[in-house]
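Data block for input32.txt (compact mmCIF, C-alpha atoms and all ligand atoms):
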# COMPACT_ATOMS: atom_id res chain seq x y z
CA MET Y 5 89.60 118.21 82.11
CA HIS Y 6 86.95 115.96 80.62
CA VAL Y 7 84.45 113.90 82.57
CA ASP Y 8 82.40 111.31 80.72
CA ARG Y 9 79.49 110.51 82.99
CA ASP Y 10 78.20 107.50 81.09
CA SER Y 11 81.33 105.59 80.29
CA GLY Y 12 82.92 106.35 83.63
CA SER Y 13 86.11 107.44 81.97
CA CYS Y 14 87.50 110.64 83.34
CA GLU Y 15 90.70 112.52 83.26
CA TYR Y 16 91.71 114.06 86.52
CA SER Y 17 93.63 117.19 87.29
CA VAL Y 18 95.21 118.33 90.55
CA ASP Y 19 93.15 121.49 90.63
CA ARG Y 20 90.32 121.60 93.17
CA SER Y 21 87.89 122.62 90.45
CA CYS Y 22 88.24 119.07 89.07
CA ALA Y 23 86.90 117.65 92.36
CA LEU Y 24 84.03 120.09 92.37
CA ARG Y 25 83.11 119.24 88.78
CA LEU Y 26 83.21 115.53 89.52
CA ASP Y 27 80.89 116.13 92.49
CA GLU Y 28 78.51 118.08 90.31
CA ALA Y 29 78.35 115.20 87.83
CA ASP Y 30 77.81 112.63 90.60
CA GLY Y 31 74.40 110.98 90.29
CA LEU Y 32 74.72 109.49 93.80
CA ALA Y 33 75.49 112.76 95.58
CA PHE Y 34 72.01 112.77 97.20
CA LEU Y 35 72.96 109.75 99.35
CA ARG Y 36 75.41 111.80 101.45
CA GLU Y 37 72.39 113.45 103.08
CA ARG Y 38 71.34 110.10 104.50
CA PHE Y 39 74.29 109.99 106.91
CA CYS Y 40 75.46 111.68 110.12
CA PHE Y 41 78.98 113.10 109.90
CA PRO Y 42 81.12 113.32 113.02
CA LYS Y 43 82.33 116.76 114.02
CA ALA Y 44 85.78 117.62 115.32
CA ALA Y 45 86.17 119.47 118.65
CA ASP Y 46 86.42 122.78 116.79
CA GLY Y 47 83.03 122.13 115.16
CA SER Y 48 84.40 121.35 111.71
CA GLN Y 49 83.21 118.26 109.85
CA VAL Y 50 85.81 115.51 109.69
CA ILE Y 51 86.92 113.95 106.42
CA TYR Y 52 85.78 110.42 107.05
CA PHE Y 53 87.68 107.70 105.23
CA ALA Y 54 87.28 104.93 107.83
CA GLY Y 55 84.14 103.34 106.39
CA ASN Y 56 86.16 100.15 105.91
CA SER Y 57 86.39 100.00 109.70
CA LEU Y 58 83.13 101.51 110.90
CA GLY Y 59 80.62 102.99 108.47
CA LEU Y 60 78.80 106.22 109.29
CA GLN Y 61 75.44 106.21 111.01
CA PRO Y 62 72.45 106.45 108.65
CA LYS Y 63 70.22 109.26 109.90
CA ALA Y 64 67.19 106.95 109.85
CA ALA Y 65 68.87 104.56 112.32
CA GLN Y 66 67.88 106.59 115.36
CA ARG Y 67 64.21 106.67 114.32
CA ILE Y 68 64.04 102.94 113.65
CA VAL Y 69 65.85 101.98 116.87
CA THR Y 70 63.54 104.36 118.75
CA GLU Y 71 60.51 102.74 117.15
CA GLU Y 72 61.64 99.36 118.43
CA LEU Y 73 62.13 100.81 121.90
CA GLU Y 74 58.62 102.30 121.73
CA ASP Y 75 57.15 98.99 120.62
CA TRP Y 76 58.93 97.30 123.50
CA ALA Y 77 57.58 99.93 125.92
CA ASN Y 78 54.03 99.84 124.57
CA LEU Y 79 53.55 96.24 123.54
CA ALA Y 80 56.17 94.27 125.44
CA VAL Y 81 55.88 90.60 124.59
CA ASP Y 82 53.04 91.24 122.14
CA ALA Y 83 55.48 93.07 119.90
CA HIS Y 84 56.67 89.68 118.67
CA PHE Y 85 53.58 89.64 116.48
CA SER Y 86 52.04 93.14 116.72
CA ALA Y 87 55.00 95.49 116.33
CA ARG Y 88 55.40 97.62 113.19
CA ARG Y 89 58.11 95.17 112.24
CA PRO Y 90 57.07 92.02 114.12
CA TRP Y 91 59.96 90.59 116.10
CA TYR Y 92 59.12 86.94 115.63
CA ASN Y 93 60.34 86.93 112.06
CA TYR Y 94 62.42 90.10 112.28
CA HIS Y 95 65.35 88.56 110.40
CA GLU Y 96 63.18 87.87 107.35
CA GLN Y 97 62.85 91.56 106.42
CA PHE Y 98 66.59 91.69 105.62
CA ARG Y 99 66.67 88.79 103.20
CA ALA Y 100 65.86 90.55 99.94
CA SER Y 101 68.29 93.43 100.55
CA ALA Y 102 71.07 91.14 101.78
CA ALA Y 103 70.59 88.81 98.81
CA ARG Y 104 71.01 91.74 96.40
CA LEU Y 105 74.16 92.88 98.21
CA VAL Y 106 75.95 89.56 97.94
CA GLY Y 107 74.46 88.11 94.75
CA ALA Y 108 72.32 85.39 96.27
CA SER Y 109 68.75 84.17 96.45
CA PRO Y 110 66.84 85.34 99.53
CA HIS Y 111 66.73 81.84 101.01
CA GLU Y 112 70.56 81.61 100.84
CA VAL Y 113 71.16 84.49 103.29
CA VAL Y 114 70.44 85.24 106.90
CA LEU Y 115 71.53 87.90 109.38
CA MET Y 116 72.64 86.45 112.71
CA ASN Y 117 75.41 86.48 115.32
CA SER Y 118 78.74 88.13 114.54
CA LEU Y 119 81.24 87.46 111.78
CA THR Y 120 83.63 85.27 113.76
CA THR Y 121 80.76 83.30 115.29
CA ASN Y 122 79.35 82.70 111.81
CA LEU Y 123 82.73 81.59 110.48
CA HIS Y 124 82.83 79.02 113.27
CA LEU Y 125 79.26 77.87 112.62
CA MET Y 126 80.02 77.54 108.92
CA MET Y 127 83.19 75.58 109.62
CA VAL Y 128 81.18 73.22 111.78
CA SER Y 129 79.22 72.34 108.65
CA PHE Y 130 81.85 72.75 105.93
CA TYR Y 131 85.15 71.85 107.57
CA ARG Y 132 84.64 68.12 108.03
CA PRO Y 133 88.21 66.84 108.04
CA THR Y 134 89.21 63.24 107.47
CA THR Y 135 92.61 61.68 108.14
CA SER Y 136 93.63 62.33 104.54
CA ARG Y 137 91.81 65.62 103.80
CA TYR Y 138 92.14 67.93 106.78
CA LYS Y 139 93.95 71.11 105.73
CA ILE Y 140 92.63 74.68 105.51
CA LEU Y 141 94.11 77.12 103.02
CA THR Y 142 93.78 80.90 103.48
CA ASP Y 143 95.14 84.06 101.90
CA TRP Y 144 97.83 85.93 103.82
CA PRO Y 145 97.87 88.22 105.71
CA SER Y 146 94.64 86.98 107.23
CA PHE Y 147 92.70 88.97 109.79
CA PRO Y 148 93.65 87.76 113.31
CA SER Y 149 90.15 86.59 114.19
CA ASP Y 150 90.14 84.37 111.11
CA ILE Y 151 93.55 82.98 112.04
CA TYR Y 152 92.35 82.14 115.55
CA ALA Y 153 89.11 80.65 114.23
CA VAL Y 154 90.95 78.47 111.70
CA GLU Y 155 93.62 77.33 114.15
CA SER Y 156 91.09 76.52 116.84
CA GLN Y 157 88.93 74.54 114.39
CA ILE Y 158 91.97 72.57 113.27
CA ARG Y 159 92.93 71.83 116.88
CA HIS Y 160 89.33 71.04 117.78
CA HIS Y 161 89.46 68.20 115.25
CA GLY Y 162 92.75 66.91 116.66
CA PHE Y 163 95.09 68.24 113.95
CA ASP Y 164 98.12 70.50 114.24
CA PRO Y 165 97.92 73.98 112.66
CA ASN Y 166 101.66 73.76 111.84
CA ASP Y 167 100.77 70.98 109.46
CA ALA Y 168 97.16 71.68 108.56
CA PHE Y 169 97.10 75.45 108.05
CA ILE Y 170 98.31 76.51 104.58
CA LYS Y 171 98.86 80.25 104.13
CA VAL Y 172 99.26 81.65 100.64
CA LYS Y 173 101.77 84.45 100.99
CA PRO Y 174 102.80 87.19 98.57
CA ARG Y 175 105.97 86.56 96.54
CA GLU Y 176 109.22 87.92 97.97
CA GLY Y 177 109.19 91.73 97.78
CA ASP Y 178 105.51 91.88 96.86
CA HIS Y 179 102.42 92.76 98.90
CA LEU Y 180 99.74 91.14 96.78
CA LEU Y 181 98.78 87.61 95.90
CA GLU Y 182 98.73 86.21 92.38
CA THR Y 183 95.58 84.21 91.67
CA ALA Y 184 97.88 81.72 89.92
CA ASP Y 185 99.88 81.24 93.14
CA ILE Y 186 96.71 80.56 95.15
CA GLU Y 187 95.55 78.06 92.55
CA THR Y 188 98.94 76.38 92.27
CA LEU Y 189 98.94 75.71 96.01
CA ILE Y 190 95.37 74.40 95.84
CA GLU Y 191 96.41 72.06 93.00
CA GLU Y 192 99.55 70.96 94.85
CA HIS Y 193 97.81 70.15 98.13
CA GLY Y 194 94.34 69.59 96.66
CA SER Y 195 93.65 66.11 97.95
CA GLN Y 196 94.63 67.16 101.48
CA ILE Y 197 92.68 70.41 101.61
CA ALA Y 198 89.27 70.23 103.24
CA LEU Y 199 88.51 73.95 103.08
CA VAL Y 200 89.67 77.01 101.18
CA LEU Y 201 88.76 80.05 103.28
CA ILE Y 202 89.55 83.20 101.38
CA ALA Y 203 88.84 86.88 101.99
CA GLY Y 204 86.70 88.63 99.39
CA VAL Y 205 88.79 91.78 99.81
CA ASN Y 206 91.95 91.46 101.88
CA TYR Y 207 91.74 93.65 104.99
CA TYR Y 208 95.36 94.83 104.81
CA THR Y 209 96.08 95.33 101.12
CA GLY Y 210 92.54 95.93 99.84
CA GLN Y 211 93.09 93.30 97.14
CA PHE Y 212 89.80 92.01 95.68
CA TYR Y 213 90.44 88.39 94.82
CA ASP Y 214 89.11 86.53 91.80
CA ILE Y 215 86.71 84.54 93.94
CA GLU Y 216 85.04 82.77 91.04
CA SER Y 217 88.30 81.42 89.65
CA ILE Y 218 89.61 80.39 93.09
CA ALA Y 219 86.28 78.73 93.95
CA ASN Y 220 86.32 76.80 90.65
CA CYS Y 221 89.82 75.57 91.28
CA ALA Y 222 89.01 74.58 94.87
CA ARG Y 223 85.86 72.73 93.90
CA LYS Y 224 87.66 70.93 91.07
CA ASN Y 225 90.04 69.65 93.73
CA GLY Y 226 87.24 68.55 96.04
CA CYS Y 227 87.67 71.33 98.61
CA ALA Y 228 84.86 73.28 100.25
CA VAL Y 229 85.06 77.05 99.70
CA GLY Y 230 84.17 79.79 102.18
CA VAL Y 231 84.60 83.55 101.82
CA ASP Y 232 85.09 86.17 104.53
CA LEU Y 233 83.33 89.21 103.11
CA ALA Y 234 84.12 91.63 105.96
CA HIS Y 235 85.76 94.08 103.53
CA ALA Y 236 83.80 93.10 100.45
CA ALA Y 237 80.11 93.27 101.36
CA GLY Y 238 78.71 96.64 100.33
CA ASN Y 239 82.05 97.49 98.75
CA VAL Y 240 82.34 95.40 95.60
CA PRO Y 241 79.81 93.53 93.45
CA LEU Y 242 79.43 89.93 94.54
CA HIS Y 243 77.80 86.94 92.84
CA LEU Y 244 78.08 84.29 95.51
CA HIS Y 245 75.42 82.00 94.09
CA ASP Y 246 76.87 82.00 90.59
CA TRP Y 247 80.42 81.76 91.88
CA ASN Y 248 79.29 78.58 93.55
CA VAL Y 249 81.02 79.14 96.88
CA ASP Y 250 79.76 76.92 99.67
CA PHE Y 251 79.42 79.61 102.32
CA ALA Y 252 80.30 83.18 103.16
CA ALA Y 253 80.04 85.43 106.18
CA TRP Y 254 80.27 89.18 106.62
CA CYS Y 255 79.89 91.94 109.17
CA ASN Y 256 77.39 94.76 108.73
CA TYR Y 257 79.31 97.54 110.44
CA LYS Y 258 81.91 98.48 107.81
CA TYR Y 259 80.76 99.39 104.28
CA LEU Y 260 77.21 98.39 105.23
CA ASN Y 261 76.89 101.06 107.96
CA GLY Y 262 74.76 98.89 110.27
CA GLY Y 263 76.28 100.05 113.58
CA PRO Y 264 79.20 99.15 115.85
CA GLY Y 265 79.55 95.43 116.51
CA THR Y 266 76.14 94.75 115.02
CA VAL Y 267 74.80 91.45 113.81
CA GLY Y 268 76.60 89.77 110.88
CA GLY Y 269 75.40 88.06 107.74
CA CYS Y 270 75.77 84.57 106.38
CA PHE Y 271 75.41 82.93 102.97
CA VAL Y 272 74.87 79.21 102.48
CA HIS Y 273 74.68 78.05 98.88
CA GLU Y 274 71.26 76.59 98.11
CA ARG Y 275 72.64 73.13 97.41
CA HIS Y 276 73.46 73.04 101.15
CA ALA Y 277 70.83 75.45 102.47
CA ARG Y 278 68.09 73.06 101.33
CA ASP Y 279 69.85 70.06 102.88
CA VAL Y 280 68.26 69.77 106.30
CA ASN Y 281 70.50 66.81 107.17
CA LEU Y 282 73.75 68.69 106.86
CA PRO Y 283 75.58 68.55 110.22
CA ARG Y 284 75.42 71.83 112.14
CA PHE Y 285 75.26 73.30 115.60
CA ALA Y 286 71.57 73.84 116.16
CA GLY Y 287 69.42 76.24 118.15
CA TRP Y 288 65.70 76.91 118.34
CA TRP Y 289 65.64 79.71 115.76
CA GLY Y 290 67.02 77.36 113.13
CA ASN Y 291 64.08 75.07 113.78
CA ASP Y 292 60.91 75.03 111.66
CA PRO Y 293 58.99 78.16 112.78
CA GLN Y 294 55.72 76.18 112.73
CA GLN Y 295 57.13 73.77 115.32
CA ARG Y 296 59.16 76.25 117.36
CA PHE Y 297 56.55 76.98 119.99
CA LYS Y 298 55.47 73.39 120.36
CA MET Y 299 58.54 73.41 122.60
CA HIS Y 300 59.32 70.12 124.34
CA MET Y 301 56.15 68.58 122.85
CA VAL Y 302 58.14 68.29 119.60
CA PRO Y 303 61.73 67.99 120.77
CA GLU Y 304 63.16 66.87 117.41
CA PHE Y 305 65.07 69.57 115.56
CA SER Y 306 63.83 70.07 112.05
CA ALA Y 307 66.02 72.58 110.25
CA VAL Y 308 64.49 75.36 108.20
CA PRO Y 309 65.42 74.40 104.61
CA SER Y 310 67.27 77.67 103.98
CA ALA Y 311 70.15 79.65 105.47
CA ASP Y 312 67.75 80.35 108.36
CA GLY Y 313 68.38 76.79 109.48
CA TRP Y 314 71.77 77.87 110.90
CA GLN Y 315 70.25 80.42 113.29
CA LEU Y 316 70.72 79.69 116.94
CA SER Y 317 68.88 82.35 118.87
CA ASN Y 318 66.03 84.78 118.46
CA PRO Y 319 67.12 87.98 116.70
CA PRO Y 320 68.57 90.84 118.80
CA ILE Y 321 66.04 93.46 117.71
CA LEU Y 322 67.79 96.61 118.93
CA ALA Y 323 71.07 95.69 117.23
CA MET Y 324 69.36 94.74 113.99
CA ALA Y 325 67.10 97.79 113.80
CA ALA Y 326 69.91 100.06 112.63
CA ILE Y 327 70.76 97.61 109.84
CA ARG Y 328 67.27 98.24 108.42
CA ALA Y 329 68.15 101.93 108.06
CA ALA Y 330 71.50 101.04 106.51
CA TYR Y 331 70.12 98.56 103.98
CA ASP Y 332 67.39 101.05 103.02
CA VAL Y 333 70.12 103.35 101.70
CA PHE Y 334 71.54 100.54 99.55
CA ASP Y 335 68.03 99.78 98.33
CA GLU Y 336 67.79 103.33 96.97
CA THR Y 337 70.55 102.55 94.50
CA SER Y 338 72.42 99.50 93.20
CA MET Y 339 75.82 97.96 93.81
CA GLN Y 340 76.55 98.64 90.14
CA ALA Y 341 75.98 102.39 90.53
CA LEU Y 342 77.98 102.45 93.77
CA ARG Y 343 80.78 100.50 92.12
CA THR Y 344 80.98 102.95 89.24
CA LYS Y 345 81.35 105.88 91.62
CA SER Y 346 83.69 103.93 93.88
CA LYS Y 347 86.08 103.31 90.99
CA ARG Y 348 86.13 107.01 90.15
CA LEU Y 349 86.62 108.13 93.73
CA THR Y 350 89.39 105.63 94.38
CA GLY Y 351 91.00 106.37 91.02
CA TYR Y 352 90.99 110.06 91.85
CA LEU Y 353 92.59 109.42 95.23
CA GLU Y 354 95.25 107.29 93.56
CA TYR Y 355 95.90 109.96 90.93
CA LEU Y 356 96.33 112.73 93.51
CA ILE Y 357 98.65 110.66 95.71
CA ASP Y 358 100.73 109.67 92.68
CA THR Y 359 101.02 113.20 91.36
CA GLN Y 360 101.33 115.06 94.64
CA GLY Y 361 102.96 112.58 96.98
CA ASP Y 362 106.60 113.41 96.16
CA GLY Y 363 107.48 109.72 96.26
CA ARG Y 364 106.75 109.54 100.02
CA PHE Y 365 103.98 106.97 99.65
CA GLU Y 366 103.66 103.55 98.10
CA ILE Y 367 100.16 102.37 97.28
CA ILE Y 368 100.20 98.64 97.97
CA THR Y 369 96.60 98.06 96.87
CA PRO Y 370 96.30 96.74 93.30
CA ARG Y 371 96.54 99.40 90.60
CA ASP Y 372 93.95 97.56 88.53
CA PRO Y 373 90.50 98.95 89.56
CA GLU Y 374 88.97 95.51 88.98
CA GLN Y 375 91.19 94.07 91.69
CA ARG Y 376 90.29 96.49 94.46
CA GLY Y 377 87.30 98.14 96.09
CA SER Y 378 87.11 101.53 97.80
CA GLN Y 379 90.19 101.10 99.94
CA LEU Y 380 93.74 102.22 99.22
CA SER Y 381 96.42 100.99 101.59
CA ILE Y 382 99.17 103.56 101.63
CA LEU Y 383 102.58 102.52 102.82
CA ALA Y 384 104.19 105.59 104.36
CA LYS Y 385 107.94 105.53 103.90
CA ASP Y 386 108.98 108.08 106.56
CA ASP Y 387 107.75 107.91 110.14
CA PRO Y 388 104.29 106.49 109.41
CA ARG Y 389 103.04 106.95 112.98
CA ALA Y 390 103.84 110.67 112.99
CA LEU Y 391 102.13 111.00 109.63
CA PHE Y 392 99.03 109.26 110.90
CA GLN Y 393 98.98 111.50 113.97
CA SER Y 394 99.16 114.58 111.71
CA LEU Y 395 96.19 113.29 109.75
CA GLN Y 396 94.22 112.81 112.93
CA ASP Y 397 95.15 116.29 114.16
CA ALA Y 398 93.77 117.67 110.90
CA HIS Y 399 90.53 115.65 111.37
CA ALA Y 400 91.23 113.40 108.39
CA VAL Y 401 90.14 109.96 109.58
CA GLY Y 402 91.63 106.78 108.17
CA ASP Y 403 93.20 103.97 110.13
CA PHE Y 404 96.67 102.70 110.87
CA ARG Y 405 97.72 99.11 110.42
CA GLU Y 406 101.07 97.93 111.74
CA PRO Y 407 103.80 98.36 110.78
CA ASN Y 408 103.47 101.25 108.31
CA VAL Y 409 100.20 101.19 106.42
CA ILE Y 410 97.48 103.82 106.47
CA ARG Y 411 94.19 102.57 105.07
CA VAL Y 412 91.81 105.06 103.55
CA ALA Y 413 88.43 104.22 102.09
CA PRO Y 414 86.47 106.81 100.15
CA VAL Y 415 82.96 105.39 100.35
CA PRO Y 416 80.71 106.10 97.35
CA SER Y 417 77.48 106.51 99.32
CA TYR Y 418 78.76 109.37 101.47
CA ASN Y 419 82.15 110.65 100.35
CA THR Y 420 82.72 113.35 97.77
CA PHE Y 421 85.53 114.00 95.31
CA ASP Y 422 86.18 117.16 97.29
CA ASP Y 423 86.68 115.01 100.44
CA VAL Y 424 89.36 113.18 98.45
CA TRP Y 425 90.99 116.40 97.28
CA ARG Y 426 91.09 117.89 100.79
CA PHE Y 427 92.38 114.62 102.26
CA VAL Y 428 95.30 114.53 99.87
CA GLN Y 429 96.20 118.16 100.61
CA ILE Y 430 96.42 117.23 104.29
CA LEU Y 431 98.28 113.97 103.59
CA THR Y 432 100.91 115.53 101.41
CA ARG Y 433 101.53 118.44 103.77
CA SER Y 434 101.62 116.29 106.90
CA GLY Y 435 104.74 115.48 108.84
CA GLY Y 436 106.38 112.10 109.04
C1 LIG G 1 88.44 90.27 107.81
C2 LIG G 1 87.79 90.26 109.16
N1 LIG G 1 87.46 89.07 109.73
C3 LIG G 1 86.89 89.01 110.94
C4 LIG G 1 86.60 90.16 111.65
C5 LIG G 1 85.99 90.03 113.02
O1 LIG G 1 84.67 90.46 113.03
P1 LIG G 1 83.73 90.26 114.31
O2 LIG G 1 84.30 91.06 115.42
O3 LIG G 1 82.40 90.83 113.86
O4 LIG G 1 83.66 88.82 114.61
C6 LIG G 1 86.92 91.41 111.10
C7 LIG G 1 86.62 92.65 111.85
O5 LIG G 1 87.04 93.73 111.53
C8 LIG G 1 87.53 91.46 109.83
O6 LIG G 1 87.87 92.61 109.27
Structure encoded using structure tokens:
Amino acid sequence: MHVDRDSGSCEYSVDRSCALRLDEADGLAFLRERFCFPKAADGSQVIYFAGNSLGLQPKAAQRIVTEELEDWANLAVDAHFSARRPWYNYHEQFRASAARLVGASPHEVVLMNSLTTNLHLMMVSFYRPTTSRYKILTDWPSFPSDIYAVESQIRHHGFDPNDAFIKVKPREGDHLLETADIETLIEEHGSQIALVLIAGVNYYTGQFYDIESIANCARKNGCAVGVDLAHAAGNVPLHLHDWNVDFAAWCNYKYLNGGPGTVGGCFVHERHARDVNLPRFAGWWGNDPQQRFKMHMVPEFSAVPSADGWQLSNPPILAMAAIRAAYDVFDETSMQALRTKSKRLTGYLEYLIDTQGDGRFEIITPRDPEQRGSQLSILAKDDPRALFQSLQDAHAVGDFREPNVIRVAPVPSYNTFDDVWRFVQILTRSGG
């Protein structure tokens, strides 16, 4: 077996020694130490491939959350300005890291609220339907929260989702979307589409869409473009500014390891972020920080001329503290380095399933590494639920998506090639 560390090309073999050699050659192996690994009841360490659902806890999270609790205990309200990380502008410390993660300028990003809330806030500004242009186009399958958000926005404006909601579905017998099919629908309905809301990486199939091409097509047809980055942020390289999308939103608890249900992130392209007159739902934290504490003396809202101008409330410090620890790990490396390892890890998983799976599994995620991130969605042909239960019994953690898909995500910051090897031994020997 040959591993070429620089070019990224490697030939795999089914032998465990291949996994161990790949781990030895892994320049990011040191990052695994930054994370806490759950233990099974028998004390063994689980094989954790559910980072696409909930990322592992960075070890530093406990210290940073504790520091905020200490500052609260010792300084109380004074901590807004005197804490180690002053609370008044707490959100600002995340800008540079978040901007690097999504390919933006610092003033185009802000951490606030949750993903679904941010999608709604963004639609308030960027879904401005008229009687002739009122439709929303999404990829399919869409995550349920996105479906509910889109349908409720459409209804809120007095339209009917049966007419106004366009879903781009895979071709008969296929699981994935063709970029050409998405663009054909945009061209066909272009003058009626107000918003194209596309996933960065589809939650079910793991397909990484050609966002730049879709955004170009949408903009050419006069549609606003938003991206749900739930499964893309921290997983694949993103260039939101250059791709010219209007907005994006993400959660920080999957590949970004920021903690369960923690605060989300939002991108507003600078051509809008600077536009203080753009309609929005406003709150006091989106108001000019110099005016904020003039309170009712200056009742006029004057939006911060950046993504900050969409903030509603003061930042939830305890929830955001763990994100600091999580982003610090990303700041130790680069998305490019993570992507290189991610391709190898995922390619190795694919190779082992293909060679050892006895035809029991169909990988529905794209085979082209450029069109996927860390996740493989494995369609289990025989008794998928029993198979998933066997995996759980063997402490191999992925997740199950109805009706028959097991999603597994080898995450480059904390998974090893040996994790992949051991996982596939369990998978291929499991019942179902
Ligand atoms: C694609 C996608 N959209 C939306 C959500 C909802 O996120 P939240 O609960 O943070 O609003 C999720 C959560 O997993 C998701 O995967």
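The residue that comes closest to Leu316 in chain Y, out of Y:Ala253, Y:Val409, Y:Glu112, Y:Leu125 and on the basis of all atoms listed in the file, is Y:Leu125.
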I need the residue nearest ligand LIG 1 (chain G) from this list: Y:Asp232, Y:Asp312, Y:Glu187, Y:Asp372. Use all atoms listed in the file for the distance. Y:Asp232
Enclose ligand LIG 1 (chain G), meaning all of its atoms listed in the file, in a box aligned along x, y and z, pad it by 6 Å on each side, and list the centre and edge lengths in Å to one decimal, as lines of an AutoDock Vina configuration file.
center_x = 85.4
center_y = 91.3
center_z = 111.6
size_x = 18.0
size_y = 16.9
size_z = 19.6
Contacts to ligand LIG 1 (chain G) at 10 Å cut-off (only C-alpha atoms and all ligand atoms) as a PyMOL selection string: chain Y and resi 56-58+117-124+145-153+202-208+231-236+253-258+264-269
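The nearest approach to Arg296 in chain Y among the residues Y:His179, Y:Ala29, Y:Tyr92, Y:Ala23, with only C-alpha atoms taken into account, belongs to Y:Tyr92.
Counting only C-alpha atoms, the residue from Y:Leu35, Y:Leu115, Y:Leu242, Y:Met299 that sits nearest to Asn318 in chain Y is Y:Leu115.
Compared by their closest atoms to Lys385 in chain Y, and using all atoms listed in the file, the residues Y:Gly361, Y:Ser48, Y:Gly402, Y:Asp332 rank with Y:Gly361 nearest.
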Got a sec: who's within 12 Å of Ala325 in chain Y, counting all atoms listed in the file, leaving out chain neighbours fewer than 2 positions off, as a short mmCIF file (atom, residue, chain, number, x, y, z; two decimals) with C-alpha atoms, in the frame of the given file?
data_model
loop_
_atom_site.label_atom_id
_atom_site.label_comp_id
_atom_site.auth_asym_id
_atom_site.auth_seq_id
_atom_site.Cartn_x
_atom_site.Cartn_y
_atom_site.Cartn_z
CA PRO Y 62 72.45 106.45 108.65
CA ALA Y 64 67.19 106.95 109.85
CA ALA Y 65 68.87 104.56 112.32
CA GLN Y 66 67.88 106.59 115.36
CA ARG Y 67 64.21 106.67 114.32
CA ILE Y 68 64.04 102.94 113.65
CA VAL Y 69 65.85 101.98 116.87
CA THR Y 70 63.54 104.36 118.75
CA GLU Y 71 60.51 102.74 117.15
CA GLU Y 72 61.64 99.36 118.43
CA LEU Y 73 62.13 100.81 121.90
CA ARG Y 88 55.40 97.62 113.19
CA ARG Y 89 58.11 95.17 112.24
CA PRO Y 90 57.07 92.02 114.12
CA TRP Y 91 59.96 90.59 116.10
CA TYR Y 94 62.42 90.10 112.28
CA HIS Y 95 65.35 88.56 110.40
CA GLN Y 97 62.85 91.56 106.42
CA PHE Y 98 66.59 91.69 105.62
CA LEU Y 115 71.53 87.90 109.38
CA ASN Y 256 77.39 94.76 108.73
CA ASN Y 261 76.89 101.06 107.96
CA GLY Y 262 74.76 98.89 110.27
CA GLY Y 263 76.28 100.05 113.58
CA THR Y 266 76.14 94.75 115.02
CA VAL Y 267 74.80 91.45 113.81
CA PRO Y 319 67.12 87.98 116.70
CA PRO Y 320 68.57 90.84 118.80
CA ILE Y 321 66.04 93.46 117.71
CA LEU Y 322 67.79 96.61 118.93
CA ALA Y 323 71.07 95.69 117.23
CA ILE Y 327 70.76 97.61 109.84
CA ARG Y 328 67.27 98.24 108.42
CA ALA Y 329 68.15 101.93 108.06
CA ALA Y 330 71.50 101.04 106.51
CA TYR Y 331 70.12 98.56 103.98
CA ASP Y 332 67.39 101.05 103.02
#
Expected answer as a ChimeraX atom specification: all residues with atoms within 12 Å of (86.8, 85.6, 92.3), all atoms listed in the file: /Y:182-184,186-187,202-205,211-222,229-231,233,236,240-244,246-249,374-376
Would you save the residues of that selection, restricted to C-alpha atoms, as an mmCIF file, in the frame of the given file?
data_model
loop_
_atom_site.group_PDB
_atom_site.id
_atom_site.type_symbol
_atom_site.label_atom_id
_atom_site.label_comp_id
_atom_site.auth_asym_id
_atom_site.auth_seq_id
_atom_site.Cartn_x
_atom_site.Cartn_y
_atom_site.Cartn_z
ATOM 1 C CA GLU Y 182 98.730 86.210 92.380
ATOM 2 C CA THR Y 183 95.580 84.210 91.670
ATOM 3 C CA ALA Y 184 97.880 81.720 89.920
ATOM 4 C CA ILE Y 186 96.710 80.560 95.150
ATOM 5 C CA GLU Y 187 95.550 78.060 92.550
ATOM 6 C CA ILE Y 202 89.550 83.200 101.380
ATOM 7 C CA ALA Y 203 88.840 86.880 101.990
ATOM 8 C CA GLY Y 204 86.700 88.630 99.390
ATOM 9 C CA VAL Y 205 88.790 91.780 99.810
ATOM 10 C CA GLN Y 211 93.090 93.300 97.140
ATOM 11 C CA PHE Y 212 89.800 92.010 95.680
ATOM 12 C CA TYR Y 213 90.440 88.390 94.820
ATOM 13 C CA ASP Y 214 89.110 86.530 91.800
ATOM 14 C CA ILE Y 215 86.710 84.540 93.940
ATOM 15 C CA GLU Y 216 85.040 82.770 91.040
ATOM 16 C CA SER Y 217 88.300 81.420 89.650
ATOM 17 C CA ILE Y 218 89.610 80.390 93.090
ATOM 18 C CA ALA Y 219 86.280 78.730 93.950
ATOM 19 C CA ASN Y 220 86.320 76.800 90.650
ATOM 20 C CA CYS Y 221 89.820 75.570 91.280
ATOM 21 C CA ALA Y 222 89.010 74.580 94.870
ATOM 22 C CA VAL Y 229 85.060 77.050 99.700
ATOM 23 C CA GLY Y 230 84.170 79.790 102.180
ATOM 24 C CA VAL Y 231 84.600 83.550 101.820
ATOM 25 C CA LEU Y 233 83.330 89.210 103.110
ATOM 26 C CA ALA Y 236 83.800 93.100 100.450
ATOM 27 C CA VAL Y 240 82.340 95.400 95.600
ATOM 28 C CA PRO Y 241 79.810 93.530 93.450
ATOM 29 C CA LEU Y 242 79.430 89.930 94.540
ATOM 30 C CA HIS Y 243 77.800 86.940 92.840
ATOM 31 C CA LEU Y 244 78.080 84.290 95.510
ATOM 32 C CA ASP Y 246 76.870 82.000 90.590
ATOM 33 C CA TRP Y 247 80.420 81.760 91.880
ATOM 34 C CA ASN Y 248 79.290 78.580 93.550
ATOM 35 C CA VAL Y 249 81.020 79.140 96.880
ATOM 36 C CA GLU Y 374 88.970 95.510 88.980
ATOM 37 C CA GLN Y 375 91.190 94.070 91.690
ATOM 38 C CA ARG Y 376 90.290 96.490 94.460
#
